[in-house]
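Structure file entry-v8.cif with mmCIF, C-alpha atoms, pLDDT in the B column; chains and numbers go by the auth columns:
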```cif
data_work
#
loop_
_atom_site.group_PDB
_atom_site.id
_atom_site.type_symbol
_atom_site.label_atom_id
_atom_site.label_comp_id
_atom_site.label_asym_id
_atom_site.label_seq_id
_atom_site.Cartn_x
_atom_site.Cartn_y
_atom_site.Cartn_z
_atom_site.B_iso_or_equiv
_atom_site.auth_seq_id
_atom_site.auth_asym_id
ATOM 1 C CA MET A 1 131.772 10.145 59.177 90.00 1367 A
ATOM 2 C CA TYR A 2 128.561 11.533 60.569 91.00 1368 A
ATOM 3 C CA ARG A 3 126.956 10.815 63.899 92.00 1369 A
ATOM 4 C CA ILE A 4 123.187 10.414 63.873 93.00 1370 A
ATOM 5 C CA GLY A 5 122.499 13.988 65.002 92.00 1371 A
ATOM 6 C CA GLU A 6 124.809 15.418 62.357 93.00 1372 A
ATOM 7 C CA LEU A 7 123.224 13.348 59.603 94.00 1373 A
ATOM 8 C CA ALA A 8 119.739 14.278 60.777 94.00 1374 A
ATOM 9 C CA LYS A 9 120.617 17.965 60.821 94.00 1375 A
ATOM 10 C CA SER A 10 122.253 17.888 57.392 93.00 1376 A
ATOM 11 C CA CYS A 11 119.120 16.321 55.856 94.00 1377 A
ATOM 12 C CA GLU A 12 116.684 18.356 57.971 95.00 1378 A
ATOM 13 C CA VAL A 13 115.041 15.376 59.684 96.00 1379 A
ATOM 14 C CA LYS A 14 114.940 14.232 63.291 96.00 1380 A
ATOM 15 C CA ALA A 15 117.248 11.581 64.639 94.00 1381 A
ATOM 16 C CA ASP A 16 114.106 9.578 65.481 96.00 1382 A
ATOM 17 C CA THR A 17 113.327 9.491 61.747 95.00 1383 A
ATOM 18 C CA LEU A 18 116.712 7.895 61.096 95.00 1384 A
ATOM 19 C CA ARG A 19 116.119 5.359 63.858 93.00 1385 A
ATOM 20 C CA PHE A 20 112.695 4.620 62.328 95.00 1386 A
ATOM 21 C CA TYR A 21 114.249 4.057 58.897 95.00 1387 A
ATOM 22 C CA GLU A 22 116.884 1.855 60.508 93.00 1388 A
ATOM 23 C CA LYS A 23 114.208 -0.174 62.324 93.00 1389 A
ATOM 24 C CA HIS A 24 112.425 -0.751 58.981 94.00 1390 A
ATOM 25 C CA GLY A 25 115.612 -1.735 57.148 92.00 1391 A
ATOM 26 C CA LEU A 26 115.848 1.325 54.909 94.00 1392 A
ATOM 27 C CA LEU A 27 118.977 2.742 56.455 93.00 1393 A
ATOM 28 C CA ALA A 28 121.765 1.288 58.533 88.00 1394 A
ATOM 29 C CA PRO A 29 124.791 2.964 60.051 82.00 1395 A
ATOM 30 C CA SER A 30 127.990 1.937 58.327 83.00 1396 A
ATOM 31 C CA MET A 31 129.577 1.310 61.681 87.00 1397 A
ATOM 32 C CA ARG A 32 129.509 2.220 65.343 89.00 1398 A
ATOM 33 C CA SER A 33 132.047 4.194 67.292 87.00 1399 A
ATOM 34 C CA ASP A 34 133.875 2.696 70.269 88.00 1400 A
ATOM 35 C CA ALA A 35 131.282 4.436 72.434 90.00 1401 A
ATOM 36 C CA GLY A 36 128.441 2.812 70.450 87.00 1402 A
ATOM 37 C CA TYR A 37 127.360 5.861 68.456 88.00 1403 A
ATOM 38 C CA ARG A 38 125.932 5.230 65.000 87.00 1404 A
ATOM 39 C CA LEU A 39 128.304 6.436 62.296 91.00 1405 A
ATOM 40 C CA TYR A 40 127.251 7.186 58.736 92.00 1406 A
ATOM 41 C CA THR A 41 129.254 7.719 55.563 93.00 1407 A
ATOM 42 C CA ASP A 42 128.659 9.972 52.571 93.00 1408 A
ATOM 43 C CA ALA A 43 127.032 6.958 50.861 92.00 1409 A
ATOM 44 C CA ASP A 44 124.575 6.761 53.763 93.00 1410 A
ATOM 45 C CA VAL A 45 123.814 10.456 53.295 94.00 1411 A
ATOM 46 C CA GLU A 46 122.998 9.825 49.622 94.00 1412 A
ATOM 47 C CA ARG A 47 120.846 6.818 50.554 95.00 1413 A
ATOM 48 C CA LEU A 48 118.926 8.945 53.067 96.00 1414 A
ATOM 49 C CA ARG A 49 118.413 11.675 50.481 96.00 1415 A
ATOM 50 C CA PHE A 50 117.101 9.048 48.037 96.00 1416 A
ATOM 51 C CA ILE A 51 114.662 7.829 50.723 97.00 1417 A
ATOM 52 C CA LEU A 52 113.493 11.356 51.486 97.00 1418 A
ATOM 53 C CA ARG A 53 112.990 12.219 47.801 97.00 1419 A
ATOM 54 C CA ALA A 54 111.019 9.000 47.234 97.00 1420 A
ATOM 55 C CA LYS A 55 108.915 9.724 50.334 96.00 1421 A
ATOM 56 C CA ALA A 56 108.324 13.292 49.122 96.00 1422 A
ATOM 57 C CA VAL A 57 106.691 12.032 45.910 95.00 1423 A
ATOM 58 C CA GLY A 58 104.434 9.652 47.799 95.00 1424 A
ATOM 59 C CA PHE A 59 106.142 6.275 47.860 96.00 1425 A
ATOM 60 C CA THR A 60 105.454 4.082 50.887 95.00 1426 A
ATOM 61 C CA LEU A 61 108.234 2.545 52.961 95.00 1427 A
ATOM 62 C CA ALA A 62 107.653 -0.828 51.271 95.00 1428 A
ATOM 63 C CA GLU A 63 107.879 0.805 47.838 96.00 1429 A
ATOM 64 C CA ILE A 64 111.012 2.684 48.871 96.00 1430 A
ATOM 65 C CA THR A 65 112.528 -0.597 50.031 95.00 1431 A
ATOM 66 C CA GLU A 66 111.861 -2.036 46.573 95.00 1432 A
ATOM 67 C CA LEU A 67 113.292 1.050 44.860 96.00 1433 A
ATOM 68 C CA LEU A 68 116.406 0.806 47.016 94.00 1434 A
ATOM 69 C CA SER A 69 116.861 -2.828 46.064 93.00 1435 A
ATOM 70 C CA ILE A 70 116.597 -1.843 42.411 95.00 1436 A
ATOM 71 C CA GLU A 71 119.039 1.021 42.978 91.00 1437 A
ATOM 72 C CA LEU A 72 121.581 -1.419 44.452 89.00 1438 A
ATOM 73 C CA ASP A 73 121.233 -3.941 41.627 92.00 1439 A
ATOM 74 C CA LYS A 74 120.323 -1.877 38.555 94.00 1440 A
ATOM 75 C CA SER A 75 121.751 -4.348 36.061 94.00 1441 A
ATOM 76 C CA ASN A 76 119.146 -6.968 36.971 94.00 1442 A
ATOM 77 C CA TRP A 77 116.185 -4.634 36.510 95.00 1443 A
ATOM 78 C CA ALA A 78 114.672 -2.969 33.486 95.00 1444 A
ATOM 79 C CA CYS A 79 113.754 0.670 33.289 95.00 1445 A
ATOM 80 C CA ALA A 80 110.227 -0.587 32.568 96.00 1446 A
ATOM 81 C CA ASP A 81 110.105 -2.102 36.087 95.00 1447 A
ATOM 82 C CA VAL A 82 110.789 1.271 37.682 96.00 1448 A
ATOM 83 C CA LYS A 83 108.419 3.062 35.315 97.00 1449 A
ATOM 84 C CA GLY A 84 105.739 0.504 36.192 96.00 1450 A
ATOM 85 C CA MET A 85 106.116 1.371 39.866 96.00 1451 A
ATOM 86 C CA VAL A 86 105.823 5.078 39.120 97.00 1452 A
ATOM 87 C CA ASP A 87 102.839 4.582 36.806 97.00 1453 A
ATOM 88 C CA SER A 88 101.105 2.466 39.454 96.00 1454 A
ATOM 89 C CA LYS A 89 101.698 5.180 42.071 96.00 1455 A
ATOM 90 C CA LEU A 90 100.455 7.806 39.603 97.00 1456 A
ATOM 91 C CA ALA A 91 97.252 5.810 39.011 97.00 1457 A
ATOM 92 C CA ASP A 92 96.727 5.599 42.792 95.00 1458 A
ATOM 93 C CA VAL A 93 97.168 9.360 43.132 96.00 1459 A
ATOM 94 C CA GLU A 94 94.773 10.057 40.252 97.00 1460 A
ATOM 95 C CA ALA A 95 92.164 7.762 41.850 97.00 1461 A
ATOM 96 C CA LYS A 96 92.546 9.608 45.164 96.00 1462 A
ATOM 97 C CA ILE A 97 92.188 12.967 43.387 97.00 1463 A
ATOM 98 C CA ALA A 98 89.005 11.742 41.676 97.00 1464 A
ATOM 99 C CA GLU A 99 87.647 10.574 45.023 96.00 1465 A
ATOM 100 C CA LEU A 100 88.502 13.899 46.662 96.00 1466 A
ATOM 101 C CA ASN A 101 86.854 15.784 43.782 96.00 1467 A
ATOM 102 C CA HIS A 102 83.723 13.677 44.309 95.00 1468 A
ATOM 103 C CA PHE A 103 83.797 14.576 48.025 94.00 1469 A
ATOM 104 C CA ARG A 104 84.261 18.256 47.155 95.00 1470 A
ATOM 105 C CA VAL A 105 81.290 18.267 44.762 94.00 1471 A
ATOM 106 C CA SER A 106 79.083 16.465 47.273 91.00 1472 A
ATOM 107 C CA LEU A 107 80.079 18.752 50.128 93.00 1473 A
ATOM 108 C CA LYS A 108 79.597 21.821 47.924 94.00 1474 A
ATOM 109 C CA ARG A 109 76.056 20.660 47.067 91.00 1475 A
ATOM 110 C CA LEU A 110 75.283 20.148 50.741 91.00 1476 A
ATOM 111 C CA SER A 111 76.720 23.534 51.643 92.00 1477 A
ATOM 112 C CA ASP A 112 74.953 25.343 48.794 91.00 1478 A
ATOM 113 C CA ALA A 113 71.617 23.797 49.779 87.00 1479 A
ATOM 114 C CA CYS A 114 71.824 25.148 53.317 87.00 1480 A
ATOM 115 C CA CYS A 115 71.088 28.726 54.273 85.00 1481 A
ATOM 116 C CA GLY A 116 73.234 28.437 57.389 87.00 1482 A
ATOM 117 C CA GLY A 117 70.836 30.718 59.231 88.00 1483 A
ATOM 118 C CA PRO A 118 69.981 30.921 62.899 89.00 1484 A
ATOM 119 C CA GLU A 119 66.836 28.816 62.432 87.00 1485 A
ATOM 120 C CA SER A 120 66.351 25.572 64.288 89.00 1486 A
ATOM 121 C CA ALA A 121 68.068 22.551 62.764 89.00 1487 A
ATOM 122 C CA GLU A 122 64.714 20.718 62.729 88.00 1488 A
ATOM 123 C CA HIS A 123 64.518 21.191 58.964 85.00 1489 A
ATOM 124 C CA CYS A 124 68.247 21.345 58.243 88.00 1490 A
ATOM 125 C CA SER A 125 68.714 20.366 54.618 88.00 1491 A
ATOM 126 C CA ILE A 126 72.146 18.907 55.314 90.00 1492 A
ATOM 127 C CA LEU A 127 70.877 16.630 58.065 90.00 1493 A
ATOM 128 C CA GLU A 128 67.856 15.677 55.949 88.00 1494 A
ATOM 129 C CA ALA A 129 70.074 14.788 53.001 87.00 1495 A
ATOM 130 C CA LEU A 130 72.332 12.669 55.188 89.00 1496 A
ATOM 131 C CA GLU A 131 69.328 10.983 56.824 87.00 1497 A
ATOM 132 C CA THR A 132 67.832 10.079 53.449 83.00 1498 A
ATOM 133 C CA ASN A 133 71.094 8.821 51.988 67.00 1499 A
ATOM 134 C CA GLY A 134 71.686 11.774 49.671 54.00 1500 A
ATOM 135 C CA ALA A 135 68.116 12.246 48.477 46.00 1501 A
ATOM 136 C CA GLN A 136 67.010 15.537 46.912 46.00 1502 A
ATOM 137 C CA VAL A 137 68.310 18.393 49.061 45.00 1503 A
ATOM 138 C CA GLN A 138 65.951 21.272 49.601 46.00 1504 A
ATOM 139 C CA CYS A 139 67.457 24.532 50.660 47.00 1505 A
ATOM 140 C CA GLU A 140 66.436 25.643 54.117 45.00 1506 A
ATOM 141 C CA LYS A 141 65.817 29.100 52.685 46.00 1507 A
ATOM 142 C CA GLU A 142 63.373 27.599 50.195 50.00 1508 A
ATOM 143 C CA HIS A 143 61.793 25.495 52.918 50.00 1509 A
ATOM 144 C CA HIS A 144 61.375 28.477 55.240 48.00 1510 A
ATOM 145 C CA TYR A 145 60.252 30.676 52.339 49.00 1511 A
ATOM 146 C CA ALA A 146 57.645 28.090 51.316 52.00 1512 A
ATOM 147 C CA ALA A 147 56.411 27.852 54.903 49.00 1513 A
ATOM 148 C CA HIS A 148 56.236 31.653 55.091 45.00 1514 A
ATOM 149 C CA GLN A 149 54.315 31.830 51.761 50.00 1515 A
ATOM 150 C CA ALA A 150 51.872 29.213 53.030 49.00 1516 A
ATOM 151 C CA ASN A 151 51.258 31.277 56.170 46.00 1517 A
ATOM 152 C CA GLU A 152 50.758 34.440 54.083 49.00 1518 A
ATOM 153 C CA SER A 153 48.231 32.774 51.805 48.00 1519 A
ATOM 154 C CA VAL A 154 46.258 31.547 54.813 46.00 1520 A
ATOM 155 C CA LYS A 155 46.017 35.184 56.002 46.00 1521 A
ATOM 156 C CA ASP A 156 44.633 36.305 52.641 46.00 1522 A
#
```
As structure tokens, what does this structure read like?
Amino acid sequence: MYRIGELAKSCEVKADTLRFYEKHGLLAPSMRSDAGYRLYTDADVERLRFILRAKAVGFTLAEITELLSIELDKSNWACADVKGMVDSKLADVEAKIAELNHFRVSLKRLSDACCGGPESAEHCSILEALETNGAQVQCEKEHHYAAHQANESVKD
């Protein structure tokens, strides 16, 4: 039997994490000691490790609850049900990656278009692009260079 602190230490989590999982119905102590301490068995340790592995690959608490129910009653579920859950999670992750790649490309364009110099932000290409809802971004260097060229041609 493990007390909550011992179980937490053995699985490298905090006791508060175990209480959180208990509050959400993922984990329950097998029994309580006469003094009221939560006591866990080796089966509880394995259940916690299952929860932690599922969490580590991105499953939500609700999804972990469903996986645990399948784990407890495997004969009434098909492998295809579990695979469907994983494939759905994989599709979510791929959509998030695509969205993050879009953000990266957009931010890179904004960054590349800006000289980042000490000039006033009055003609900041990043601010201009954001103000015009992503319209054509002109590099501050080009803007300042063009202004400089215009001044030089006036002198000639």
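Counting only C-alpha atoms, the residue from A:Leu1456, A:Leu1392, A:Ala1495, A:Val1411 that sits nearest to Cys1480 in chain A is A:Ala1495.
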In Å and to one decimal, CA of Val1379 in chain A is distant from CA of Arg1419 in chain A by 12.5 Å
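Distances here use all atoms listed in the file; by that measure, the residue among A:Gly1371, A:Ser1454, A:Glu1412, A:Ala1444 closest to Thr1383 in chain A is A:Gly1371.
Applied to the shown file, the PyMOL selection byres ((chain A and resi 1448) around 12) selects the residues A:Glu1429, A:Ile1430, A:Glu1432, A:Leu1433, A:Leu1434, A:Ser1435, A:Ile1436, A:Glu1437, A:Lys1440, A:Asn1442, A:Trp1443, A:Ala1444, A:Cys1445, A:Ala1446, A:Asp1447, A:Lys1449, A:Gly1450, A:Met1451, A:Val1452, A:Asp1453, A:Ser1454, A:Lys1455.
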Could you state the separation of CA of Tyr1406 in chain A and CA of Met1367 in chain A in Å, given to one decimal place?
-> 5.4 Å
Report the residues retrieved by the PyMOL selection byres ((chain A and resi 1393) around 9) from the displayed file, expressed as a list in words.
-> Leu1384, Arg1385, Phe1386, Tyr1387, Glu1388, Lys1389, His1390, Gly1391, Leu1392, Ala1394, Pro1395, Asp1410, Arg1413, Leu1414 and Ile1417 of chain A
Distance query Tyr1403 in chain A at most 10 Å, only C-alpha atoms, self and fewer than 4 positions along chain excluded, as a PDB file with C-alpha atoms, keeping the file's coordinate frame:
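This is the output file part-v4.pdb:
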```pdb
ATOM      1  CA  TYR A1368     128.561  11.533  60.569  1.00 91.00           C
ATOM      2  CA  ARG A1369     126.956  10.815  63.899  1.00 92.00           C
ATOM      3  CA  ILE A1370     123.187  10.414  63.873  1.00 93.00           C
ATOM      4  CA  PRO A1395     124.791   2.964  60.051  1.00 82.00           C
ATOM      5  CA  MET A1397     129.577   1.310  61.681  1.00 87.00           C
ATOM      6  CA  ARG A1398     129.509   2.220  65.343  1.00 89.00           C
ATOM      7  CA  SER A1399     132.047   4.194  67.292  1.00 87.00           C
TER       8      SER A1399
END
```
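Restricting the calculation to only C-alpha atoms, the smallest distance between Phe1425 in chain A and any of A:Asp1458, A:Arg1404, A:Ala1409, A:Lys1380 is found for A:Asp1458.
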On this structure, which residues satisfy the PyMOL selection byres ((chain A and resi 1482) around 10), written as a ChimeraX atom specification?
-> /A:1477-1481,1483-1485,1487,1490-1492,1505-1507
To one decimal in Å, tell me the separation between CA of Val1423 in chain A and CA of Val1459 in chain A.
-> 10.3 Å
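Minimum distance to Leu1476 in chain A across A:Ala1381, A:Leu1493, A:Leu1373, A:Ala1457 (counting only C-alpha atoms) occurs at A:Leu1493.
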